[in-house]
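S.K.: Can you keep this structure in mind? I'll have questions shortly.
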Amino acid sequence: MKTKLLALLICGFFIVIGFLLFWHEHQSQQEQAQAKVQPSRQYPERQTASYDAESGKVTGQKKVVAEVADVADDDSSSAQAVIIGGIEQRRFIDTQLQQPLAQHLGGLMARFEQGDFDAGYILSVNLSQCQAAPLSEDELNKSLVEGEKTLKLLKGVIKDMNASDAYRRQQLMEKYEFCKGTPKALIEQSFDILEKSALGGSLAAQSRYVMLVTPMTNPENPVHKLNEQQIKKAKEVALHHQRFLKQAIAKGSMTAFRVMTYQTMPTASGRNDPVTALAYNQAAMALLNDDKFLAHHQQMQERLTKDMTGEEIAAATELAAQIADKVLKQGVIYID
């Protein structure tokens with residue numbers, strides 16, 4: 001009995017921690033939304049930029065903020081571009097929709113079925129947010145009761161029970177208000193819609209796909225206990241991942257650059273290509289002009305180089321120059 005109670009306490013503790021992390025992310029998204037600017041089609045004159053292998057930087061940088069036209073429609077907000085020398089730094093499409101989601105489904109589905117794969121990306125992201133949400137009043141009431149039971153188990157661990165309960169209820173109500181009326185069958189298709197959007201060429205969808213999916217290296221291994229259909233699907237996912245990653249990198253997705261770094265860095269599972277990992281990390285550092293992203297890549301740089309030889313670092317630097325130069329020629333990168 002004591003062991004069971006302890007397990008419930010630990011589970012409840014992690015649920016509360018998850019709530020707090022979600023709230024922090026929600027607040028950050030609100031701050032970013034408030035900082036957005038109105039769209040315009042005016043672009044500043046660009047100056048030529050080039051990659052300097054010795055310093056690992058893009059030279060001739062001149063940072064200018066430019067407002068760019070909305071790439072979606074009324075369902076998404078405008079994007080903001082930063083011109084750094086010859087590089088246009090753009091953000092992916094804003095997927096945030098006004099609640100409820102149900103009122104956007106018809107328009108987004110129609111656009112997606114007509115070949116607007118960025119609309120499919122927006123639809124997929126929002127459907128995925130409803131996968132664990134209550135969709136009816138009965139489901140909402142059940143979730144509220146279950147959450148209250150879990151919270152009571154944490155009495156003595158949480159200092160302000162009333163505040164925690166209010167926060168929990170607020171989160172459930174927000175999810176319910178956003179997701180109510182959305183067909184469950186459509187929610188279950190969120191990944192398929194993302195995959196089709198990526199196959200259709202949406203860079204945002206391709207970047208999200210490679211970030212979310214970790215390909216199974218050996219699906220035939222009996223330890224996975226997969227049937228023939230599941231093995232076939234696992235192989236298809238792996239091929240799609242490889243294809244989307246290559247395409248997203250070519251288009252300048254910094255998300256794809258990070259995925260390539262993580263996919264090739266030395267790990268306990270056997271992956272070990274530190275030269276490629278360091279090269280993509282160095283190229284990203286040269287191309288980016290955002291302190292938040294640069295701090296992340298700098299930490300990765302230190303982590304990778306500590307176990308590399310001088311020859312490996314030199315090879316990575318040379319490869320980074322080639323990667324960065326290709327992106328510079330097309331003149332645009334995308335950040336999330």
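In the structure tokens, chains take the letters A, B, ... in the order shown, each chain's residues start at 1, and ligands count up from 1 in the order shown.
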Taking the DSSP assignment computed from this structure's backbone, write out as a ChimeraX atom specification all residues of stretch 63-268 of chain A that belong to helix (DSSP H, G or I).
M.R.: /A:102-113,117-128,137-153,161-179,184-187,190-199,203-212,222-224,228-250,254-264
S.K.: Write out as a ChimeraX atom specification each polymer residue whose atoms come within 8 Å of A:Ile335, counting only C-alpha atoms; drop sequence neighbours fewer than 5 positions from it.
M.R.: /A:89-92,253-255
S.K.: For C-alpha atoms, I'd like the residues from the last selection saved as a PDB file, in the first residue's frame.
M.R.:
ATOM      1  CA  GLN A  89      16.496  35.390 -41.653  1.00  0.00           C
ATOM      2  CA  ARG A  90      12.833  34.397 -41.520  1.00  0.00           C
ATOM      3  CA  ARG A  91      10.627  32.666 -38.956  1.00  0.00           C
ATOM      4  CA  PHE A  92       8.354  29.770 -39.791  1.00  0.00           C
ATOM      5  CA  SER A 253      16.049  25.385 -42.047  1.00  0.00           C
ATOM      6  CA  MET A 254      18.039  25.884 -38.856  1.00  0.00           C
ATOM      7  CA  THR A 255      15.796  23.300 -37.203  1.00  0.00           C
TER       8      THR A 255
END
S.K.: Kindly indicate which residue among A:Ile231, A:Leu186, A:Ala205, A:Ile122 lies nearest to A:Ala248, using only C-alpha atoms for the distances.
M.R.: A:Ala205
S.K.: Would you list the contacts of A:Glu177 as a PyMOL selection string, taking every protein, DNA or RNA residue within 8 Å and counting only C-alpha atoms, but skipping same-chain residues closer than 3 positions in sequence?
M.R.: chain A and resi 99-100+173-174+180
S.K.: At a cut-off of 7 Å, using only C-alpha atoms, what residues contact stretch 309-319 of chain A? Leave out same-chain residues fewer than 3 positions from it and give the result as a PyMOL selection string.
M.R.: chain A and resi 53+275-276+278-279+322-323
S.K.: Could you check how far atom CA of A:Gly115 sits from atom CA of A:Gly200, in Å to one decimal?
M.R.: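 Answer for the atom CA of A:Gly115 to atom CA of A:Gly200 separation: 7.6 Å.
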S.K.: Fewer than 5 positions away in the same chain doesn't count, so skip those; otherwise give me all residues within 7 Å of stretch 261-265 of chain A, counting only C-alpha atoms, as a list of chain:residue names.
M.R.: A:Arg271, A:Asn272, A:Asp273, A:Pro274, A:Thr276, A:Ala277, A:Leu278, A:Tyr280, A:Asn281
S.K.: Write the selection just made, keeping all heavy atoms, as a PDB file, in the first residue's frame?
M.R.:
ATOM      1  N   ARG A 271      25.748   5.834 -32.962  1.00  0.00           N
ATOM      2  CA  ARG A 271      25.974   6.857 -33.982  1.00  0.00           C
ATOM      3  C   ARG A 271      27.268   7.601 -33.653  1.00  0.00           C
ATOM      4  O   ARG A 271      27.498   7.973 -32.515  1.00  0.00           O
ATOM      5  CB  ARG A 271      24.810   7.845 -34.008  1.00  0.00           C
ATOM      6  CG  ARG A 271      23.512   7.244 -34.529  1.00  0.00           C
ATOM      7  CD  ARG A 271      22.387   8.242 -34.439  1.00  0.00           C
ATOM      8  NE  ARG A 271      22.201   8.728 -33.078  1.00  0.00           N
ATOM      9  CZ  ARG A 271      21.246   9.577 -32.725  1.00  0.00           C
ATOM     10  NH1 ARG A 271      20.430  10.051 -33.617  1.00  0.00           N
ATOM     11  NH2 ARG A 271      21.136   9.967 -31.476  1.00  0.00           N
ATOM     12  N   ASN A 272      28.093   7.833 -34.671  1.00  0.00           N
ATOM     13  CA  ASN A 272      29.387   8.448 -34.363  1.00  0.00           C
ATOM     14  C   ASN A 272      29.971   9.105 -35.611  1.00  0.00           C
ATOM     15  O   ASN A 272      30.751   8.500 -36.334  1.00  0.00           O
ATOM     16  CB  ASN A 272      30.346   7.391 -33.804  1.00  0.00           C
ATOM     17  CG  ASN A 272      31.635   8.033 -33.311  1.00  0.00           C
ATOM     18  OD1 ASN A 272      31.717   9.248 -33.138  1.00  0.00           O
ATOM     19  ND2 ASN A 272      32.646   7.217 -33.084  1.00  0.00           N
ATOM     20  N   ASP A 273      29.571  10.337 -35.857  1.00  0.00           N
ATOM     21  CA  ASP A 273      30.112  11.104 -36.966  1.00  0.00           C
ATOM     22  C   ASP A 273      30.342  12.541 -36.471  1.00  0.00           C
ATOM     23  O   ASP A 273      29.639  13.469 -36.877  1.00  0.00           O
ATOM     24  CB  ASP A 273      29.154  11.075 -38.157  1.00  0.00           C
ATOM     25  CG  ASP A 273      29.760  11.720 -39.403  1.00  0.00           C
ATOM     26  OD1 ASP A 273      30.905  12.202 -39.314  1.00  0.00           O
ATOM     27  OD2 ASP A 273      29.077  11.759 -40.437  1.00  0.00           O
ATOM     28  N   PRO A 274      31.315  12.722 -35.576  1.00  0.00           N
ATOM     29  CA  PRO A 274      31.522  14.040 -34.962  1.00  0.00           C
ATOM     30  C   PRO A 274      31.888  15.133 -35.957  1.00  0.00           C
ATOM     31  O   PRO A 274      31.576  16.297 -35.731  1.00  0.00           O
ATOM     32  CB  PRO A 274      32.652  13.786 -33.961  1.00  0.00           C
ATOM     33  CG  PRO A 274      33.365  12.579 -34.480  1.00  0.00           C
ATOM     34  CD  PRO A 274      32.303  11.735 -35.101  1.00  0.00           C
ATOM     35  N   THR A 276      30.750  15.579 -39.104  1.00  0.00           N
ATOM     36  CA  THR A 276      29.513  16.102 -39.684  1.00  0.00           C
ATOM     37  C   THR A 276      28.714  16.892 -38.657  1.00  0.00           C
ATOM     38  O   THR A 276      28.189  17.977 -38.947  1.00  0.00           O
ATOM     39  CB  THR A 276      28.647  14.957 -40.238  1.00  0.00           C
ATOM     40  OG1 THR A 276      29.372  14.271 -41.259  1.00  0.00           O
ATOM     41  CG2 THR A 276      27.340  15.480 -40.810  1.00  0.00           C
ATOM     42  N   ALA A 277      28.624  16.361 -37.432  1.00  0.00           N
ATOM     43  CA  ALA A 277      27.884  17.048 -36.373  1.00  0.00           C
ATOM     44  C   ALA A 277      28.466  18.434 -36.106  1.00  0.00           C
ATOM     45  O   ALA A 277      27.740  19.435 -36.035  1.00  0.00           O
ATOM     46  CB  ALA A 277      27.904  16.210 -35.099  1.00  0.00           C
ATOM     47  N   LEU A 278      29.790  18.505 -35.973  1.00  0.00           N
ATOM     48  CA  LEU A 278      30.442  19.779 -35.692  1.00  0.00           C
ATOM     49  C   LEU A 278      30.319  20.735 -36.882  1.00  0.00           C
ATOM     50  O   LEU A 278      30.126  21.939 -36.699  1.00  0.00           O
ATOM     51  CB  LEU A 278      31.916  19.552 -35.355  1.00  0.00           C
ATOM     52  CG  LEU A 278      32.721  20.803 -34.987  1.00  0.00           C
ATOM     53  CD1 LEU A 278      32.132  21.486 -33.755  1.00  0.00           C
ATOM     54  CD2 LEU A 278      34.188  20.442 -34.742  1.00  0.00           C
ATOM     55  N   TYR A 280      27.878  21.024 -39.146  1.00  0.00           N
ATOM     56  CA  TYR A 280      26.551  21.650 -39.208  1.00  0.00           C
ATOM     57  C   TYR A 280      26.344  22.620 -38.047  1.00  0.00           C
ATOM     58  O   TYR A 280      25.683  23.647 -38.197  1.00  0.00           O
ATOM     59  CB  TYR A 280      25.452  20.581 -39.236  1.00  0.00           C
ATOM     60  CG  TYR A 280      25.203  20.063 -40.630  1.00  0.00           C
ATOM     61  CD1 TYR A 280      25.881  18.947 -41.116  1.00  0.00           C
ATOM     62  CD2 TYR A 280      24.324  20.722 -41.487  1.00  0.00           C
ATOM     63  CE1 TYR A 280      25.683  18.487 -42.415  1.00  0.00           C
ATOM     64  CE2 TYR A 280      24.115  20.267 -42.782  1.00  0.00           C
ATOM     65  CZ  TYR A 280      24.797  19.161 -43.235  1.00  0.00           C
ATOM     66  OH  TYR A 280      24.596  18.719 -44.526  1.00  0.00           O
ATOM     67  N   ASN A 281      26.907  22.291 -36.904  1.00  0.00           N
ATOM     68  CA  ASN A 281      26.801  23.197 -35.767  1.00  0.00           C
ATOM     69  C   ASN A 281      27.577  24.490 -36.030  1.00  0.00           C
ATOM     70  O   ASN A 281      27.103  25.596 -35.747  1.00  0.00           O
ATOM     71  CB  ASN A 281      27.335  22.515 -34.501  1.00  0.00           C
ATOM     72  CG  ASN A 281      26.981  23.271 -33.241  1.00  0.00           C
ATOM     73  OD1 ASN A 281      25.823  23.341 -32.847  1.00  0.00           O
ATOM     74  ND2 ASN A 281      27.975  23.865 -32.599  1.00  0.00           N
TER      75      ASN A 281
END
S.K.: Return the single residue from A:Glu148, A:Asn126, A:Leu199, A:Leu239 that is closest to A:Asn162, with distances computed using only C-alpha atoms.
M.R.: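 Ranked by minimum distance to A:Asn162, first place goes to A:Glu148.
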